[in-house]
$ cat work21.pdb   # PDB, C-alpha atoms, pLDDT in the B column
ATOM      1  CA  MET A  10     -33.492 -66.512  11.337  1.00 72.00           C
ATOM      2  CA  ALA A  11     -37.037 -67.553  10.569  1.00 89.00           C
ATOM      3  CA  LEU A  12     -39.848 -66.119   8.509  1.00 92.00           C
ATOM      4  CA  LEU A  13     -42.910 -65.078  10.473  1.00 95.00           C
ATOM      5  CA  LYS A  14     -46.479 -65.238   9.182  1.00 94.00           C
ATOM      6  CA  VAL A  15     -47.995 -61.847   8.443  1.00 94.00           C
ATOM      7  CA  VAL A  16     -51.582 -61.676   9.692  1.00 93.00           C
ATOM      8  CA  TYR A  17     -54.311 -59.908   7.740  1.00 91.00           C
ATOM      9  CA  TYR A  18     -56.964 -57.343   8.585  1.00 87.00           C
ATOM     10  CA  SER A  19     -59.814 -58.699  10.723  1.00 80.00           C
ATOM     11  CA  TYR A  20     -58.211 -62.142  11.013  1.00 76.00           C
ATOM     12  CA  HIS A  21     -56.112 -61.576  14.139  1.00 85.00           C
ATOM     13  CA  PRO A  22     -56.985 -59.704  17.348  1.00 88.00           C
ATOM     14  CA  ALA A  23     -53.438 -58.317  17.773  1.00 90.00           C
ATOM     15  CA  LEU A  24     -54.085 -55.990  14.824  1.00 93.00           C
ATOM     16  CA  HIS A  25     -57.001 -54.311  16.559  1.00 92.00           C
ATOM     17  CA  LYS A  26     -55.774 -53.551  20.069  1.00 94.00           C
ATOM     18  CA  GLN A  27     -53.133 -51.497  21.844  1.00 96.00           C
ATOM     19  CA  ALA A  28     -49.910 -53.531  21.944  1.00 97.00           C
ATOM     20  CA  GLU A  29     -48.247 -54.292  25.274  1.00 98.00           C
ATOM     21  CA  PRO A  30     -45.045 -52.415  26.236  1.00 98.00           C
ATOM     22  CA  VAL A  31     -41.783 -54.326  25.946  1.00 98.00           C
ATOM     23  CA  THR A  32     -40.234 -54.742  29.396  1.00 97.00           C
ATOM     24  CA  VAL A  33     -37.660 -57.497  28.843  1.00 97.00           C
ATOM     25  CA  PHE A  34     -34.695 -56.852  26.552  1.00 98.00           C
ATOM     26  CA  ASP A  35     -33.135 -60.279  26.091  1.00 97.00           C
ATOM     27  CA  ALA A  36     -31.955 -62.788  23.470  1.00 97.00           C
ATOM     28  CA  GLU A  37     -35.558 -63.768  22.707  1.00 97.00           C
ATOM     29  CA  LEU A  38     -36.390 -60.152  21.830  1.00 98.00           C
ATOM     30  CA  LYS A  39     -33.287 -59.891  19.614  1.00 97.00           C
ATOM     31  CA  LYS A  40     -34.328 -63.068  17.786  1.00 97.00           C
ATOM     32  CA  LEU A  41     -37.835 -61.710  17.244  1.00 97.00           C
ATOM     33  CA  VAL A  42     -36.412 -58.468  15.818  1.00 98.00           C
ATOM     34  CA  GLU A  43     -34.084 -60.409  13.464  1.00 97.00           C
ATOM     35  CA  ASP A  44     -36.996 -62.568  12.301  1.00 97.00           C
ATOM     36  CA  MET A  45     -39.094 -59.442  11.744  1.00 97.00           C
ATOM     37  CA  TYR A  46     -36.364 -57.881   9.571  1.00 97.00           C
ATOM     38  CA  GLU A  47     -36.154 -61.037   7.475  1.00 96.00           C
ATOM     39  CA  THR A  48     -39.942 -61.195   7.117  1.00 97.00           C
ATOM     40  CA  MET A  49     -40.185 -57.491   6.196  1.00 96.00           C
ATOM     41  CA  TYR A  50     -37.579 -57.848   3.433  1.00 95.00           C
ATOM     42  CA  VAL A  51     -39.097 -61.063   2.012  1.00 94.00           C
ATOM     43  CA  GLU A  52     -42.549 -59.419   1.979  1.00 93.00           C
ATOM     44  CA  HIS A  53     -41.079 -56.315   0.254  1.00 92.00           C
ATOM     45  CA  GLY A  54     -42.150 -53.999   3.056  1.00 93.00           C
ATOM     46  CA  VAL A  55     -40.448 -50.916   4.445  1.00 95.00           C
ATOM     47  CA  GLY A  56     -41.793 -51.518   7.939  1.00 97.00           C
ATOM     48  CA  LEU A  57     -43.288 -54.286  10.029  1.00 98.00           C
ATOM     49  CA  ALA A  58     -44.871 -54.029  13.470  1.00 98.00           C
ATOM     50  CA  ALA A  59     -45.077 -56.941  15.908  1.00 98.00           C
ATOM     51  CA  PRO A  60     -48.921 -56.998  15.812  1.00 97.00           C
ATOM     52  CA  GLN A  61     -48.639 -57.694  12.062  1.00 97.00           C
ATOM     53  CA  VAL A  62     -47.055 -61.042  12.924  1.00 97.00           C
ATOM     54  CA  GLY A  63     -49.610 -61.722  15.667  1.00 95.00           C
ATOM     55  CA  ILE A  64     -47.486 -60.517  18.594  1.00 96.00           C
ATOM     56  CA  SER A  65     -48.934 -57.839  20.866  1.00 96.00           C
ATOM     57  CA  LYS A  66     -45.692 -56.019  21.688  1.00 98.00           C
ATOM     58  CA  ARG A  67     -44.823 -52.343  21.128  1.00 98.00           C
ATOM     59  CA  LEU A  68     -42.039 -52.872  18.634  1.00 98.00           C
ATOM     60  CA  ALA A  69     -41.522 -52.391  14.918  1.00 98.00           C
ATOM     61  CA  VAL A  70     -38.715 -52.654  12.396  1.00 98.00           C
ATOM     62  CA  ILE A  71     -38.237 -50.125   9.588  1.00 98.00           C
ATOM     63  CA  ASP A  72     -35.947 -49.728   6.597  1.00 96.00           C
ATOM     64  CA  ALA A  73     -37.090 -46.996   4.210  1.00 92.00           C
ATOM     65  CA  SER A  74     -33.852 -47.087   2.176  1.00 90.00           C
ATOM     66  CA  ASP A  75     -33.820 -48.283  -1.429  1.00 87.00           C
ATOM     67  CA  ASP A  76     -31.004 -50.756  -0.800  1.00 90.00           C
ATOM     68  CA  HIS A  77     -31.953 -52.146   2.651  1.00 88.00           C
ATOM     69  CA  SER A  78     -28.974 -50.390   4.216  1.00 91.00           C
ATOM     70  CA  GLN A  79     -30.693 -48.431   7.012  1.00 93.00           C
ATOM     71  CA  PRO A  80     -32.634 -50.865   9.194  1.00 95.00           C
ATOM     72  CA  PHE A  81     -33.632 -49.836  12.694  1.00 97.00           C
ATOM     73  CA  CYS A  82     -35.973 -51.010  15.387  1.00 98.00           C
ATOM     74  CA  ILE A  83     -38.303 -48.895  17.507  1.00 98.00           C
ATOM     75  CA  ILE A  84     -39.465 -50.287  20.831  1.00 98.00           C
ATOM     76  CA  ASN A  85     -42.048 -48.543  23.027  1.00 98.00           C
ATOM     77  CA  PRO A  86     -42.063 -45.507  20.698  1.00 98.00           C
ATOM     78  CA  VAL A  87     -43.777 -42.217  21.503  1.00 98.00           C
ATOM     79  CA  PHE A  88     -44.182 -39.127  19.357  1.00 98.00           C
ATOM     80  CA  ILE A  89     -42.339 -36.103  20.687  1.00 98.00           C
ATOM     81  CA  GLU A  90     -43.295 -33.805  17.842  1.00 97.00           C
ATOM     82  CA  LYS A  91     -45.425 -33.784  14.694  1.00 97.00           C
ATOM     83  CA  SER A  92     -45.797 -30.937  12.239  1.00 97.00           C
ATOM     84  CA  GLY A  93     -46.989 -30.124   8.756  1.00 96.00           C
ATOM     85  CA  GLU A  94     -49.299 -32.230   6.670  1.00 95.00           C
ATOM     86  CA  GLU A  95     -49.082 -33.999   3.353  1.00 94.00           C
ATOM     87  CA  MET A  96     -51.154 -36.563   1.517  1.00 91.00           C
ATOM     88  CA  MET A  97     -49.496 -39.954   1.533  1.00 86.00           C
ATOM     89  CA  GLU A  98     -50.493 -43.079  -0.341  1.00 88.00           C
ATOM     90  CA  ALA A  99     -49.401 -46.358   1.113  1.00 88.00           C
ATOM     91  CA  GLY A 100     -49.989 -50.050   1.196  1.00 91.00           C
ATOM     92  CA  CYS A 101     -49.896 -52.320   4.204  1.00 93.00           C
ATOM     93  CA  LEU A 102     -48.637 -55.878   4.520  1.00 93.00           C
ATOM     94  CA  SER A 103     -51.687 -56.672   6.678  1.00 93.00           C
ATOM     95  CA  VAL A 104     -54.107 -55.341   4.035  1.00 93.00           C
ATOM     96  CA  PRO A 105     -52.418 -56.728   0.894  1.00 91.00           C
ATOM     97  CA  GLY A 106     -53.421 -55.630  -2.581  1.00 90.00           C
ATOM     98  CA  THR A 107     -54.753 -52.266  -1.389  1.00 91.00           C
ATOM     99  CA  TYR A 108     -53.481 -48.708  -1.213  1.00 91.00           C
ATOM    100  CA  THR A 109     -54.953 -45.849   0.771  1.00 89.00           C
ATOM    101  CA  LYS A 110     -54.326 -42.134   0.581  1.00 88.00           C
ATOM    102  CA  PHE A 111     -54.859 -39.814   3.521  1.00 85.00           C
ATOM    103  CA  PRO A 112     -53.066 -36.951   5.288  1.00 90.00           C
ATOM    104  CA  ARG A 113     -50.081 -37.594   7.531  1.00 94.00           C
ATOM    105  CA  ALA A 114     -47.724 -35.292   9.397  1.00 96.00           C
ATOM    106  CA  SER A 115     -44.884 -34.296   7.084  1.00 96.00           C
ATOM    107  CA  TYR A 116     -42.377 -34.238   9.978  1.00 98.00           C
ATOM    108  CA  VAL A 117     -42.199 -36.389  13.095  1.00 98.00           C
ATOM    109  CA  LYS A 118     -39.808 -36.854  15.976  1.00 98.00           C
ATOM    110  CA  VAL A 119     -40.023 -40.104  17.934  1.00 98.00           C
ATOM    111  CA  ARG A 120     -38.425 -41.294  21.166  1.00 98.00           C
ATOM    112  CA  ALA A 121     -38.005 -45.058  21.442  1.00 98.00           C
ATOM    113  CA  GLN A 122     -35.777 -47.797  22.747  1.00 98.00           C
ATOM    114  CA  ASN A 123     -33.491 -50.025  20.738  1.00 98.00           C
ATOM    115  CA  VAL A 124     -33.152 -53.792  21.120  1.00 97.00           C
ATOM    116  CA  ALA A 125     -30.732 -53.285  24.043  1.00 97.00           C
ATOM    117  CA  GLY A 126     -33.260 -51.068  25.850  1.00 97.00           C
ATOM    118  CA  GLU A 127     -31.325 -47.851  25.245  1.00 98.00           C
ATOM    119  CA  PHE A 128     -33.366 -44.725  24.500  1.00 98.00           C
ATOM    120  CA  PHE A 129     -32.842 -42.781  21.281  1.00 98.00           C
ATOM    121  CA  GLU A 130     -34.650 -40.198  19.187  1.00 98.00           C
ATOM    122  CA  ILE A 131     -35.263 -40.260  15.458  1.00 98.00           C
ATOM    123  CA  GLU A 132     -36.622 -37.561  13.171  1.00 97.00           C
ATOM    124  CA  GLY A 133     -38.224 -38.177   9.820  1.00 95.00           C
ATOM    125  CA  THR A 134     -39.739 -36.462   6.809  1.00 95.00           C
ATOM    126  CA  GLY A 135     -41.247 -37.920   3.647  1.00 92.00           C
ATOM    127  CA  LEU A 136     -41.309 -41.712   3.499  1.00 92.00           C
ATOM    128  CA  LEU A 137     -39.547 -42.118   6.856  1.00 95.00           C
ATOM    129  CA  SER A 138     -42.122 -39.883   8.557  1.00 96.00           C
ATOM    130  CA  HIS A 139     -44.905 -41.921   7.014  1.00 95.00           C
ATOM    131  CA  CYS A 140     -43.292 -45.242   8.020  1.00 96.00           C
ATOM    132  CA  LEU A 141     -42.902 -44.146  11.620  1.00 97.00           C
ATOM    133  CA  GLN A 142     -46.545 -43.037  11.794  1.00 97.00           C
ATOM    134  CA  HIS A 143     -47.785 -46.180  10.031  1.00 96.00           C
ATOM    135  CA  GLU A 144     -45.921 -48.587  12.319  1.00 97.00           C
ATOM    136  CA  ILE A 145     -46.860 -46.715  15.498  1.00 98.00           C
ATOM    137  CA  ASP A 146     -50.482 -46.819  14.314  1.00 97.00           C
ATOM    138  CA  HIS A 147     -50.145 -50.623  14.236  1.00 96.00           C
ATOM    139  CA  LEU A 148     -48.891 -50.560  17.822  1.00 98.00           C
ATOM    140  CA  ASP A 149     -52.013 -48.580  18.731  1.00 97.00           C
ATOM    141  CA  GLY A 150     -54.335 -51.075  16.996  1.00 95.00           C
ATOM    142  CA  LYS A 151     -55.000 -48.905  13.942  1.00 94.00           C
ATOM    143  CA  LEU A 152     -54.554 -49.716  10.246  1.00 93.00           C
ATOM    144  CA  ASN A 153     -54.522 -47.529   7.125  1.00 91.00           C
ATOM    145  CA  ILE A 154     -58.060 -48.467   6.192  1.00 90.00           C
ATOM    146  CA  ASP A 155     -59.336 -47.298   9.586  1.00 91.00           C
ATOM    147  CA  TYR A 156     -58.830 -43.733   8.309  1.00 89.00           C
ATOM    148  CA  LEU A 157     -61.305 -44.288   5.463  1.00 90.00           C
ATOM    149  CA  SER A 158     -65.045 -43.783   5.297  1.00 91.00           C
ATOM    150  CA  PRO A 159     -67.106 -46.946   5.929  1.00 92.00           C
ATOM    151  CA  LEU A 160     -67.833 -47.296   2.191  1.00 93.00           C
ATOM    152  CA  LYS A 161     -64.199 -46.906   1.116  1.00 91.00           C
ATOM    153  CA  LYS A 162     -63.095 -49.229   3.909  1.00 89.00           C
ATOM    154  CA  ALA A 163     -65.536 -51.920   2.744  1.00 92.00           C
ATOM    155  CA  MET A 164     -64.249 -51.545  -0.821  1.00 91.00           C
ATOM    156  CA  GLN A 165     -60.636 -51.976   0.340  1.00 91.00           C
ATOM    157  CA  ILE A 166     -61.543 -55.080   2.358  1.00 90.00           C
ATOM    158  CA  LYS A 167     -63.186 -56.611  -0.744  1.00 92.00           C
ATOM    159  CA  ARG A 168     -60.078 -55.728  -2.768  1.00 91.00           C
ATOM    160  CA  MET A 169     -57.891 -57.424  -0.168  1.00 91.00           C
ATOM    161  CA  GLU A 170     -60.071 -60.549  -0.135  1.00 91.00           C
ATOM    162  CA  LYS A 171     -59.902 -60.818  -3.943  1.00 92.00           C
ATOM    163  CA  PHE A 172     -56.137 -60.339  -3.807  1.00 89.00           C
ATOM    164  CA  LEU A 173     -55.769 -63.086  -1.197  1.00 88.00           C
ATOM    165  CA  LYS A 174     -57.912 -65.510  -3.240  1.00 88.00           C
ATOM    166  CA  ARG A 175     -55.812 -64.871  -6.381  1.00 89.00           C
ATOM    167  CA  SER A 176     -52.540 -65.309  -4.551  1.00 79.00           C
ATOM    168  CA  LYS A 177     -53.351 -68.763  -3.143  1.00 70.00           C
TER     169      LYS A 177
END
$ encode --input "work21.pdb" --output "structure tokens"
Amino acid sequence: MALLKVVYYSYHPALHKQAEPVTVFDAELKKLVEDMYETMYVEHGVGLAAPQVGISKRLAVIDASDDHSQPFCIINPVFIEKSGEEMMEAGCLSVPGTYTKFPRASYVKVRAQNVAGEFFEIEGTGLLSHCLQHEIDHLDGKLNIDYLSPLKKAMQIKRMEKFLKRSK
């Protein structure tokens, strides 16, 4: 496995456009998914979408468990159902050092493919619901801070830039 480089807000075009559907389910895709899991765990994330590592493909890896025991991959995901609403605060590996709070659906049901191309459905509430919505947002070219007002968004970008300077 290999660590991938996480790209940051406004520094890579893959973060700001609709990702391309995955059409080939082969060894190269499996390797990418394995590398994404490794990168997500090293970066202390609970999810990682391909655009966050500069790859415009509709796939993401998620593990919202406390002990990294429930990893799964969603490829070409679509929402089947969303309901309820709750305020969620979250960070993003592509906007490091920042946290945003905004409403999300409290329940979601998603249909996706796994790394072998087989279709499955997954339902989520709480953190899992949020993770699914967050990663699918990435696949649609949207980040947490895109939900904020222009002023709050500018403040978060400055926060991220300061964080990046300190961490070098």
$ closest_residue --input "work21.pdb" --among "A:Lys118, A:Lys167, A:His139, A:Lys151" --to "Ala28 of chain A" --atoms "only C-alpha atoms"
A:Lys151
$ atom_distance --input "work21.pdb" --atom1 "atom CA of Glu95 of chain A" --atom2 "atom CA of Tyr17 of chain A"
26.8 Å
$ residues_around --input "work21.pdb" --residues "Ile83 of chain A" --least-positions-apart "6" --cutoff "6 Å" --atoms "all atoms listed in the file" --output "PyMOL selection string"
chain A and resi 68-69+121-123
$ resolve_selection --input "work21.pdb" --expression "the PyMOL selection byres ((chain A and resi 72) around 7)" --output "ChimeraX atom specification"
/A:55-56,71,73-74,77,79-81
$ resolve_selection --input "work21.pdb" --expression "the PyMOL selection byres ((chain A and resi 148-150) around 6)" --output "ChimeraX atom specification"
/A:24-28,67,145-147,151
$ residues_around --input "work21.pdb" --residues "Val51 of chain A" --least-positions-apart "2" --cutoff "12 Å" --atoms "only C-alpha atoms" --output "ChimeraX atom specification"
/A:11-15,44-49,53-57,77,102
$ resolve_selection --input "work21.pdb" --expression "the PyMOL selection byres ((chain A and resi 105) around 10)" --output "JSON list (two decimals) with C-alpha atoms, in the coordinates of the input"
[["chain", "number", "residue", "atom", "x", "y", "z"],
["A", 17, "TYR", "CA", -54.31, -59.91, 7.74],
["A", 18, "TYR", "CA", -56.96, -57.34, 8.59],
["A", 100, "GLY", "CA", -49.99, -50.05, 1.20],
["A", 101, "CYS", "CA", -49.90, -52.32, 4.20],
["A", 102, "LEU", "CA", -48.64, -55.88, 4.52],
["A", 103, "SER", "CA", -51.69, -56.67, 6.68],
["A", 104, "VAL", "CA", -54.11, -55.34, 4.04],
["A", 106, "GLY", "CA", -53.42, -55.63, -2.58],
["A", 107, "THR", "CA", -54.75, -52.27, -1.39],
["A", 108, "TYR", "CA", -53.48, -48.71, -1.21],
["A", 165, "GLN", "CA", -60.64, -51.98, 0.34],
["A", 166, "ILE", "CA", -61.54, -55.08, 2.36],
["A", 168, "ARG", "CA", -60.08, -55.73, -2.77],
["A", 169, "MET", "CA", -57.89, -57.42, -0.17],
["A", 170, "GLU", "CA", -60.07, -60.55, -0.14],
["A", 171, "LYS", "CA", -59.90, -60.82, -3.94],
["A", 172, "PHE", "CA", -56.14, -60.34, -3.81],
["A", 173, "LEU", "CA", -55.77, -63.09, -1.20]]
$ residues_near_point --input "work21.pdb" --point "(-51.0, -31.0, 6.0)" --cutoff "7 Å" --atoms "all atoms listed in the file" --output "PDB file with C-alpha atoms, in the frame of the given file"
ATOM      1  CA  GLY A  93     -46.989 -30.124   8.756  1.00 96.00           C
ATOM      2  CA  GLU A  94     -49.299 -32.230   6.670  1.00 95.00           C
ATOM      3  CA  GLU A  95     -49.082 -33.999   3.353  1.00 94.00           C
ATOM      4  CA  PRO A 112     -53.066 -36.951   5.288  1.00 90.00           C
ATOM      5  CA  ARG A 113     -50.081 -37.594   7.531  1.00 94.00           C
ATOM      6  CA  ALA A 114     -47.724 -35.292   9.397  1.00 96.00           C
TER       7      ALA A 114
END
$ closest_residue --input "work21.pdb" --among "A:Gln142, A:Thr32, A:Ser115, A:Ser19" --to "Lys66 of chain A" --atoms "only C-alpha atoms"
A:Thr32
$ closest_residue --input "work21.pdb" --among "A:Glu90, A:Ile64, A:Ser138, A:Tyr50" --to "Arg120 of chain A" --atoms "only C-alpha atoms"
A:Glu90
$ closest_residue --input "work21.pdb" --among "A:Ala125, A:Val87, A:Leu152, A:Val117" --to "Ala58 of chain A" --atoms "all atoms listed in the file"
A:Leu152
$ atom_distance --input "work21.pdb" --atom1 "atom CA of Val124 of chain A" --atom2 "atom CA of Lys39 of chain A"
6.3 Å
$ atom_distance --input "work21.pdb" --atom1 "atom CA of Val42 of chain A" --atom2 "atom CA of Val16 of chain A"
16.7 Å
$ closest_residue --input "work21.pdb" --among "A:Val31, A:Phe111, A:Asp75, A:Gly63" --to "Ser158 of chain A" --atoms "all atoms listed in the file"
A:Phe111
$ closest_residue --input "work21.pdb" --among "A:Leu141, A:Val70, A:Ile84, A:Leu41" --to "Met10 of chain A" --atoms "only C-alpha atoms"
A:Leu41
$ decode --input "work21.pdb" --residues "segment 116-135 of chain A" --atoms "N, CA, C and O atoms" --output "CSV table (one decimal), in the first residue's frame"
chain,number,residue,atom,x,y,z
A,116,TYR,N,-31.0,10.9,8.5
A,116,TYR,CA,-31.1,9.6,8.0
A,116,TYR,C,-30.9,9.6,6.5
A,116,TYR,O,-31.4,10.5,5.8
A,117,VAL,N,-30.0,8.7,6.0
A,117,VAL,CA,-29.9,8.5,4.6
A,117,VAL,C,-29.8,7.1,4.2
A,117,VAL,O,-29.5,6.2,5.0
A,118,LYS,N,-30.2,6.8,3.0
A,118,LYS,CA,-30.1,5.5,2.4
A,118,LYS,C,-29.4,5.7,1.0
A,118,LYS,O,-29.8,6.5,0.2
A,119,VAL,N,-28.3,4.9,0.8
A,119,VAL,CA,-27.5,5.1,-0.4
A,119,VAL,C,-27.4,3.8,-1.1
A,119,VAL,O,-27.3,2.7,-0.5
A,120,ARG,N,-27.5,3.9,-2.5
A,120,ARG,CA,-27.2,2.7,-3.3
A,120,ARG,C,-25.8,3.0,-4.0
A,120,ARG,O,-25.6,4.1,-4.5
A,121,ALA,N,-25.0,2.0,-4.0
A,121,ALA,CA,-23.6,2.2,-4.5
A,121,ALA,C,-23.1,0.8,-5.0
A,121,ALA,O,-23.8,-0.2,-4.9
A,122,GLN,N,-21.9,0.8,-5.5
A,122,GLN,CA,-21.2,-0.4,-5.9
A,122,GLN,C,-20.0,-0.6,-5.0
A,122,GLN,O,-19.4,0.4,-4.5
A,123,ASN,N,-19.6,-1.8,-4.8
A,123,ASN,CA,-18.4,-2.1,-4.1
A,123,ASN,C,-17.2,-2.2,-5.1
A,123,ASN,O,-17.4,-2.1,-6.3
A,124,VAL,N,-16.1,-2.6,-4.6
A,124,VAL,CA,-14.9,-2.6,-5.4
A,124,VAL,C,-14.9,-3.7,-6.5
A,124,VAL,O,-14.2,-3.6,-7.5
A,125,ALA,N,-15.8,-4.7,-6.3
A,125,ALA,CA,-16.0,-5.7,-7.4
A,125,ALA,C,-17.1,-5.3,-8.4
A,125,ALA,O,-17.4,-6.1,-9.3
A,126,GLY,N,-17.8,-4.2,-8.2
A,126,GLY,CA,-18.8,-3.7,-9.1
A,126,GLY,C,-20.2,-4.1,-8.7
A,126,GLY,O,-21.2,-3.8,-9.4
A,127,GLU,N,-20.3,-4.9,-7.6
A,127,GLU,CA,-21.6,-5.3,-7.1
A,127,GLU,C,-22.4,-4.2,-6.4
A,127,GLU,O,-21.8,-3.5,-5.6
A,128,PHE,N,-23.7,-4.1,-6.7
A,128,PHE,CA,-24.5,-3.1,-6.1
A,128,PHE,C,-24.9,-3.5,-4.7
A,128,PHE,O,-25.1,-4.7,-4.4
A,129,PHE,N,-25.0,-2.5,-3.8
A,129,PHE,CA,-25.5,-2.7,-2.4
A,129,PHE,C,-26.1,-1.5,-1.9
A,129,PHE,O,-26.0,-0.4,-2.6
A,130,GLU,N,-26.9,-1.6,-0.8
A,130,GLU,CA,-27.5,-0.4,-0.2
A,130,GLU,C,-27.0,-0.3,1.2
A,130,GLU,O,-26.7,-1.3,1.9
A,131,ILE,N,-26.8,0.9,1.7
A,131,ILE,CA,-26.4,1.2,3.1
A,131,ILE,C,-27.3,2.3,3.6
A,131,ILE,O,-27.6,3.2,2.9
A,132,GLU,N,-27.7,2.1,4.9
A,132,GLU,CA,-28.5,3.1,5.6
A,132,GLU,C,-27.6,3.7,6.7
A,132,GLU,O,-26.8,3.0,7.3
A,133,GLY,N,-27.8,4.9,7.0
A,133,GLY,CA,-27.0,5.5,8.1
A,133,GLY,C,-27.8,6.6,8.8
A,133,GLY,O,-28.6,7.3,8.3
A,134,THR,N,-27.5,6.7,10.1
A,134,THR,CA,-27.9,7.8,11.0
A,134,THR,C,-26.7,8.3,11.7
A,134,THR,O,-25.6,7.7,11.7
A,135,GLY,N,-26.9,9.5,12.3
A,135,GLY,CA,-25.8,10.1,13.1
A,135,GLY,C,-24.5,10.3,12.3
A,135,GLY,O,-24.6,10.8,11.2
